[in-house]
Amino acid sequence: MALCARYALWQTTVNSFHGSAENDPSYIMDLVCDASERHAAVAGSEFDLKLYDRQSLQCDTTLALPAHSDRINELTYAPAGSSVAGRLFSASSDGTVRGWDAAAPPRTGCAMEFRGKDEVWSISVSDGPLIATGTQSAVVLWDVRKATTPAALLEVHTEPVTAVRFQPGSATALVSGSVDELICSIDCR
């Protein structure tokens, strides 16, 4: 019990969703903090994407309403070493990954888009030009310099890929996990 005494709830707020339907409550699908710890990006169940100030927990900006045409499954910020450092990315069941210029005003909304054919469950950005997505059928690699078509389609799993993560500090070392119970280590050179 003494261990818990060092921790305390600092502050709370209610995410301000737009017009929820009766008996269909809104909720938070994912949230992620930027490297500067100034903002928390929040994906809502109504497909909205908002930035909250970490100090005041007030909504700074609504980046998009809607941000996608279906559920937002995961958010991530690109790491400092990435070709798109600081950009916020959202992965959705609508088959798209969108990159948002959320760093400094004016916030320009969706700055890049990767459109696949399958639902996107997970996303990770490398310390380089690669973005990995976990989809219904494969790990899909995208190169931010050529966003119109995937750089590679890696069919290393037999079921939906629910998690992809680049090793921190790496431009090419990737791990993936799937409903098929496999964890794969992938060299993306």
# chains A, B, ... in the order shown; residues from 1 in each chain; ligands from 1
call {"tool": "residues_around", "arguments": {"residues": "range 80-82 of chain A", "least_positions_apart": "2", "cutoff": "7 Å", "atoms": "only C-alpha atoms", "output": "PyMOL selection string"}}
result
chain A and resi 78+84-86+126-129
call {"tool": "residues_around", "arguments": {"residues": "Leu49 in chain A", "least_positions_apart": "4", "cutoff": "7 Å", "atoms": "only C-alpha atoms", "output": "ChimeraX atom specification"}}
result
/A:42-44,62-65,67
call {"tool": "residues_around", "arguments": {"residues": "Arg38 in chain A", "least_positions_apart": "4", "cutoff": "12 Å", "atoms": "only C-alpha atoms", "output": "count of residues only"}}
result
16
call {"tool": "closest_residue", "arguments": {"among": "A:Gly116, A:Pro79, A:Gly169, A:Gly99", "to": "Leu153 in chain A", "atoms": "only C-alpha atoms"}}
result
A:Gly116
call {"tool": "atom_distance", "arguments": {"atom1": "CA of Lys50 in chain A", "atom2": "CA of Ile131 in chain A"}}
result
22.0 Å
call {"tool": "residues_around", "arguments": {"residues": "Trp142 in chain A", "least_positions_apart": "3", "cutoff": "6 Å", "atoms": "only C-alpha atoms", "output": "list of chain:residue names"}}
result
A:Leu130, A:Ile131, A:Pro150, A:Ala151
call {"tool": "atom_distance", "arguments": {"atom1": "CA of Asn73 in chain A", "atom2": "CA of Thr158 in chain A"}}
result
20.4 Å
call {"tool": "atom_distance", "arguments": {"atom1": "CA of Cys188 in chain A", "atom2": "CA of Leu141 in chain A"}}
result
8.5 Å
call {"tool": "select_by_dssp", "arguments": {"residues": "chain A", "states": "strand (DSSP E)", "output": "count of residues only"}}
result
82
call {"tool": "closest_residue", "arguments": {"among": "A:Val144, A:Leu174, A:Val120, A:Ile183", "to": "His157 in chain A", "atoms": "only C-alpha atoms"}}
result
A:Ile183
call {"tool": "residues_around", "arguments": {"residues": "range 95-98 of chain A", "least_positions_apart": "3", "cutoff": "12 Å", "atoms": "only C-alpha atoms", "output": "number ranges by chain"}}
result
A: 49, 63-64, 67-77, 87-92, 101-102, 109-125, 131-137, 140-142, 144, 147-148, 150
call {"tool": "write_last_selection", "arguments": {"atoms": "N, CA and C atoms", "output": "compact mmCIF listing (two decimals), in the first residue's frame"}}
result
# COMPACT_ATOMS: atom_id res chain seq x y z
N LEU A 49 -10.84 13.52 -34.05
CA LEU A 49 -9.45 13.55 -33.63
C LEU A 49 -9.19 14.92 -33.03
N LEU A 63 -8.70 18.42 -34.82
CA LEU A 63 -7.97 18.27 -36.09
C LEU A 63 -8.91 17.92 -37.23
N ALA A 64 -9.89 17.08 -36.94
CA ALA A 64 -10.83 16.70 -38.00
C ALA A 64 -12.07 16.10 -37.38
N ALA A 67 -12.32 12.49 -38.74
CA ALA A 67 -10.95 12.30 -39.21
C ALA A 67 -10.87 11.12 -40.18
N HIS A 68 -11.79 10.18 -40.02
CA HIS A 68 -11.89 8.99 -40.88
C HIS A 68 -13.37 8.67 -41.05
N SER A 69 -13.66 7.76 -41.96
CA SER A 69 -15.05 7.37 -42.19
C SER A 69 -15.44 6.12 -41.40
N ASP A 70 -14.51 5.61 -40.59
CA ASP A 70 -14.78 4.45 -39.75
C ASP A 70 -13.92 4.58 -38.49
N ARG A 71 -13.99 3.61 -37.61
CA ARG A 71 -13.31 3.62 -36.31
C ARG A 71 -11.80 3.88 -36.46
N ILE A 72 -11.27 4.73 -35.58
CA ILE A 72 -9.82 4.97 -35.49
C ILE A 72 -9.28 3.95 -34.50
N ASN A 73 -8.39 3.07 -34.96
CA ASN A 73 -7.90 1.98 -34.13
C ASN A 73 -6.64 2.31 -33.35
N GLU A 74 -5.79 3.18 -33.91
CA GLU A 74 -4.54 3.48 -33.21
C GLU A 74 -3.99 4.83 -33.66
N LEU A 75 -3.33 5.50 -32.72
CA LEU A 75 -2.63 6.76 -32.97
C LEU A 75 -1.17 6.59 -32.62
N THR A 76 -0.30 7.32 -33.32
CA THR A 76 1.12 7.36 -32.95
C THR A 76 1.73 8.64 -33.47
N TYR A 77 2.73 9.13 -32.76
CA TYR A 77 3.54 10.24 -33.24
C TYR A 77 4.81 9.68 -33.85
N ARG A 87 5.02 14.31 -36.62
CA ARG A 87 3.69 14.23 -37.24
C ARG A 87 2.86 13.16 -36.52
N LEU A 88 1.58 13.42 -36.35
CA LEU A 88 0.65 12.49 -35.73
C LEU A 88 0.03 11.62 -36.82
N PHE A 89 -0.03 10.30 -36.58
CA PHE A 89 -0.63 9.38 -37.54
C PHE A 89 -1.81 8.65 -36.90
N SER A 90 -2.86 8.46 -37.70
CA SER A 90 -4.03 7.72 -37.26
C SER A 90 -4.29 6.57 -38.23
N ALA A 91 -4.61 5.40 -37.67
CA ALA A 91 -4.90 4.20 -38.46
C ALA A 91 -6.36 3.83 -38.24
N SER A 92 -7.07 3.50 -39.32
CA SER A 92 -8.51 3.33 -39.22
C SER A 92 -9.03 2.06 -39.89
N ASP A 101 -0.52 17.27 -39.43
CA ASP A 101 0.45 18.28 -39.01
C ASP A 101 -0.09 18.94 -37.75
N ALA A 102 0.23 18.35 -36.61
CA ALA A 102 -0.34 18.79 -35.35
C ALA A 102 0.68 19.51 -34.47
N GLY A 109 -4.41 20.18 -40.75
CA GLY A 109 -5.23 18.98 -40.97
C GLY A 109 -4.42 17.88 -41.61
N CYS A 110 -5.10 17.03 -42.35
CA CYS A 110 -4.47 15.86 -42.96
C CYS A 110 -3.42 16.29 -43.97
N ALA A 111 -2.18 15.93 -43.70
CA ALA A 111 -1.07 16.33 -44.56
C ALA A 111 -0.63 15.22 -45.51
N MET A 112 -0.93 13.97 -45.16
CA MET A 112 -0.60 12.84 -46.04
C MET A 112 -1.56 11.70 -45.76
N GLU A 113 -1.76 10.87 -46.77
CA GLU A 113 -2.68 9.76 -46.63
C GLU A 113 -2.13 8.53 -47.35
N PHE A 114 -2.26 7.40 -46.69
CA PHE A 114 -1.91 6.11 -47.26
C PHE A 114 -3.20 5.31 -47.31
N ARG A 115 -3.60 4.87 -48.49
CA ARG A 115 -4.86 4.17 -48.64
C ARG A 115 -4.61 2.73 -49.07
N GLY A 116 -5.02 1.80 -48.20
CA GLY A 116 -4.90 0.39 -48.52
C GLY A 116 -6.26 -0.21 -48.81
N LYS A 117 -6.28 -1.55 -48.93
CA LYS A 117 -7.55 -2.21 -49.24
C LYS A 117 -8.18 -2.84 -48.00
N ASP A 118 -7.41 -2.98 -46.91
CA ASP A 118 -7.89 -3.66 -45.70
C ASP A 118 -7.96 -2.72 -44.51
N GLU A 119 -8.74 -3.13 -43.55
CA GLU A 119 -8.84 -2.45 -42.26
C GLU A 119 -7.44 -2.36 -41.64
N VAL A 120 -7.09 -1.22 -41.07
CA VAL A 120 -5.77 -1.03 -40.46
C VAL A 120 -5.93 -1.07 -38.94
N TRP A 121 -5.28 -2.06 -38.32
CA TRP A 121 -5.38 -2.27 -36.88
C TRP A 121 -4.29 -1.55 -36.10
N SER A 122 -3.09 -1.45 -36.68
CA SER A 122 -1.96 -0.92 -35.94
C SER A 122 -1.04 -0.14 -36.87
N ILE A 123 -0.25 0.77 -36.28
CA ILE A 123 0.68 1.59 -37.06
C ILE A 123 1.92 1.87 -36.23
N SER A 124 3.06 1.93 -36.92
CA SER A 124 4.33 2.30 -36.28
C SER A 124 5.17 3.06 -37.30
N VAL A 125 5.88 4.08 -36.83
CA VAL A 125 6.72 4.90 -37.69
C VAL A 125 8.18 4.66 -37.31
N ILE A 131 6.84 3.50 -42.69
CA ILE A 131 5.69 3.36 -41.82
C ILE A 131 5.18 1.94 -42.02
N ALA A 132 4.94 1.24 -40.92
CA ALA A 132 4.39 -0.12 -40.98
C ALA A 132 2.95 -0.09 -40.48
N THR A 133 2.09 -0.86 -41.17
CA THR A 133 0.72 -1.01 -40.72
C THR A 133 0.39 -2.48 -40.59
N GLY A 134 -0.39 -2.79 -39.57
CA GLY A 134 -0.92 -4.13 -39.40
C GLY A 134 -2.35 -4.13 -39.91
N THR A 135 -2.66 -4.99 -40.87
CA THR A 135 -3.98 -4.99 -41.50
C THR A 135 -4.67 -6.34 -41.33
N GLN A 136 -5.85 -6.46 -41.91
CA GLN A 136 -6.62 -7.71 -41.90
C GLN A 136 -5.82 -8.87 -42.45
N SER A 137 -4.91 -8.59 -43.41
CA SER A 137 -4.27 -9.70 -44.11
C SER A 137 -2.74 -9.71 -44.11
N VAL A 140 1.91 -4.15 -43.93
CA VAL A 140 2.12 -3.33 -45.11
C VAL A 140 3.12 -2.25 -44.77
N LEU A 141 4.17 -2.14 -45.59
CA LEU A 141 5.17 -1.08 -45.40
C LEU A 141 4.93 0.03 -46.40
N TRP A 142 5.02 1.25 -45.91
CA TRP A 142 4.88 2.44 -46.74
C TRP A 142 6.15 3.26 -46.62
N VAL A 144 7.34 7.09 -46.88
CA VAL A 144 6.71 8.41 -46.87
C VAL A 144 7.09 9.26 -48.08
N ALA A 147 4.11 7.87 -51.20
CA ALA A 147 2.94 7.43 -50.44
C ALA A 147 1.81 6.87 -51.28
N THR A 148 1.91 6.87 -52.59
CA THR A 148 0.79 6.43 -53.42
C THR A 148 0.62 4.92 -53.46
N PRO A 150 2.08 0.98 -51.64
CA PRO A 150 2.88 0.36 -50.59
C PRO A 150 4.28 0.01 -51.08
call {"tool": "decode", "arguments": {"residues": "range 118-161 of chain A", "atoms": "N, CA and C atoms", "output": "short mmCIF file (atom, residue, chain, number, x, y, z; two decimals), in the first residue's frame"}}
result
data_model
loop_
_atom_site.label_atom_id
_atom_site.label_comp_id
_atom_site.auth_asym_id
_atom_site.auth_seq_id
_atom_site.Cartn_x
_atom_site.Cartn_y
_atom_site.Cartn_z
N ASP A 118 -7.41 -2.98 -46.91
CA ASP A 118 -7.89 -3.66 -45.70
C ASP A 118 -7.96 -2.72 -44.51
N GLU A 119 -8.74 -3.13 -43.55
CA GLU A 119 -8.84 -2.45 -42.26
C GLU A 119 -7.44 -2.36 -41.64
N VAL A 120 -7.09 -1.22 -41.07
CA VAL A 120 -5.77 -1.03 -40.46
C VAL A 120 -5.93 -1.07 -38.94
N TRP A 121 -5.28 -2.06 -38.32
CA TRP A 121 -5.38 -2.27 -36.88
C TRP A 121 -4.29 -1.55 -36.10
N SER A 122 -3.09 -1.45 -36.68
CA SER A 122 -1.96 -0.92 -35.94
C SER A 122 -1.04 -0.14 -36.87
N ILE A 123 -0.25 0.77 -36.28
CA ILE A 123 0.68 1.59 -37.06
C ILE A 123 1.92 1.87 -36.23
N SER A 124 3.06 1.93 -36.92
CA SER A 124 4.33 2.30 -36.28
C SER A 124 5.17 3.06 -37.30
N VAL A 125 5.88 4.08 -36.83
CA VAL A 125 6.72 4.90 -37.69
C VAL A 125 8.18 4.66 -37.31
N SER A 126 9.02 4.42 -38.30
CA SER A 126 10.44 4.13 -38.05
C SER A 126 11.23 5.41 -37.86
N ASP A 127 12.47 5.25 -37.46
CA ASP A 127 13.42 6.36 -37.43
C ASP A 127 14.05 6.46 -38.82
N GLY A 128 13.25 6.65 -39.79
CA GLY A 128 13.64 6.73 -41.19
C GLY A 128 12.40 7.05 -42.00
N PRO A 129 12.32 6.58 -43.23
CA PRO A 129 11.17 6.92 -44.08
C PRO A 129 10.03 5.90 -44.06
N LEU A 130 10.14 4.83 -43.25
CA LEU A 130 9.14 3.75 -43.31
C LEU A 130 8.03 3.88 -42.27
N ILE A 131 6.84 3.50 -42.69
CA ILE A 131 5.69 3.36 -41.82
C ILE A 131 5.18 1.94 -42.02
N ALA A 132 4.94 1.24 -40.92
CA ALA A 132 4.39 -0.12 -40.98
C ALA A 132 2.95 -0.09 -40.48
N THR A 133 2.09 -0.86 -41.17
CA THR A 133 0.72 -1.01 -40.72
C THR A 133 0.39 -2.48 -40.59
N GLY A 134 -0.39 -2.79 -39.57
CA GLY A 134 -0.92 -4.13 -39.40
C GLY A 134 -2.35 -4.13 -39.91
N THR A 135 -2.66 -4.99 -40.87
CA THR A 135 -3.98 -4.99 -41.50
C THR A 135 -4.67 -6.34 -41.33
N GLN A 136 -5.85 -6.46 -41.91
CA GLN A 136 -6.62 -7.71 -41.90
C GLN A 136 -5.82 -8.87 -42.45
N SER A 137 -4.91 -8.59 -43.41
CA SER A 137 -4.27 -9.70 -44.11
C SER A 137 -2.74 -9.71 -44.11
N ALA A 138 -2.10 -8.61 -43.72
CA ALA A 138 -0.64 -8.56 -43.85
C ALA A 138 -0.04 -7.39 -43.09
N VAL A 139 1.28 -7.38 -43.04
CA VAL A 139 2.03 -6.19 -42.62
C VAL A 139 2.31 -5.42 -43.90
N VAL A 140 1.91 -4.15 -43.93
CA VAL A 140 2.12 -3.33 -45.11
C VAL A 140 3.12 -2.25 -44.77
N LEU A 141 4.17 -2.14 -45.59
CA LEU A 141 5.17 -1.08 -45.40
C LEU A 141 4.93 0.03 -46.40
N TRP A 142 5.02 1.25 -45.91
CA TRP A 142 4.88 2.44 -46.74
C TRP A 142 6.15 3.26 -46.62
N ASP A 143 6.55 3.89 -47.71
CA ASP A 143 7.67 4.82 -47.73
C ASP A 143 7.07 6.21 -47.85
N VAL A 144 7.34 7.09 -46.88
CA VAL A 144 6.71 8.41 -46.87
C VAL A 144 7.09 9.26 -48.08
N ARG A 145 8.16 8.88 -48.77
CA ARG A 145 8.58 9.63 -49.96
C ARG A 145 7.76 9.25 -51.19
N LYS A 146 7.09 8.08 -51.12
CA LYS A 146 6.27 7.58 -52.24
C LYS A 146 4.99 7.00 -51.66
N ALA A 147 4.11 7.87 -51.20
CA ALA A 147 2.94 7.43 -50.44
C ALA A 147 1.81 6.87 -51.28
N THR A 148 1.91 6.87 -52.59
CA THR A 148 0.79 6.43 -53.42
C THR A 148 0.62 4.92 -53.46
N THR A 149 1.70 4.16 -53.31
CA THR A 149 1.61 2.70 -53.31
C THR A 149 2.47 2.12 -52.20
N PRO A 150 2.08 0.98 -51.64
CA PRO A 150 2.88 0.36 -50.59
C PRO A 150 4.28 0.01 -51.08
N ALA A 151 5.27 0.12 -50.21
CA ALA A 151 6.63 -0.28 -50.53
C ALA A 151 6.77 -1.80 -50.49
N ALA A 152 5.99 -2.44 -49.61
CA ALA A 152 6.03 -3.90 -49.50
C ALA A 152 4.78 -4.42 -48.81
N LEU A 153 4.39 -5.62 -49.19
CA LEU A 153 3.30 -6.33 -48.55
C LEU A 153 3.90 -7.61 -47.99
N LEU A 154 3.96 -7.72 -46.67
CA LEU A 154 4.61 -8.85 -46.03
C LEU A 154 3.54 -9.78 -45.45
N GLU A 155 3.36 -10.91 -46.08
CA GLU A 155 2.36 -11.88 -45.64
C GLU A 155 3.02 -12.89 -44.71
N VAL A 156 3.38 -12.42 -43.51
CA VAL A 156 4.09 -13.25 -42.54
C VAL A 156 3.14 -13.86 -41.50
N HIS A 157 1.88 -13.49 -41.54
CA HIS A 157 0.88 -14.02 -40.62
C HIS A 157 -0.27 -14.64 -41.40
N THR A 158 -1.03 -15.51 -40.74
CA THR A 158 -2.18 -16.16 -41.38
C THR A 158 -3.51 -15.56 -40.92
N GLU A 159 -3.46 -14.65 -39.97
CA GLU A 159 -4.66 -13.99 -39.42
C GLU A 159 -4.38 -12.48 -39.37
N PRO A 160 -5.39 -11.67 -38.99
CA PRO A 160 -5.18 -10.22 -38.90
C PRO A 160 -3.99 -9.84 -38.01
N VAL A 161 -3.24 -8.83 -38.48
CA VAL A 161 -2.06 -8.33 -37.77
C VAL A 161 -2.54 -7.20 -36.85
#
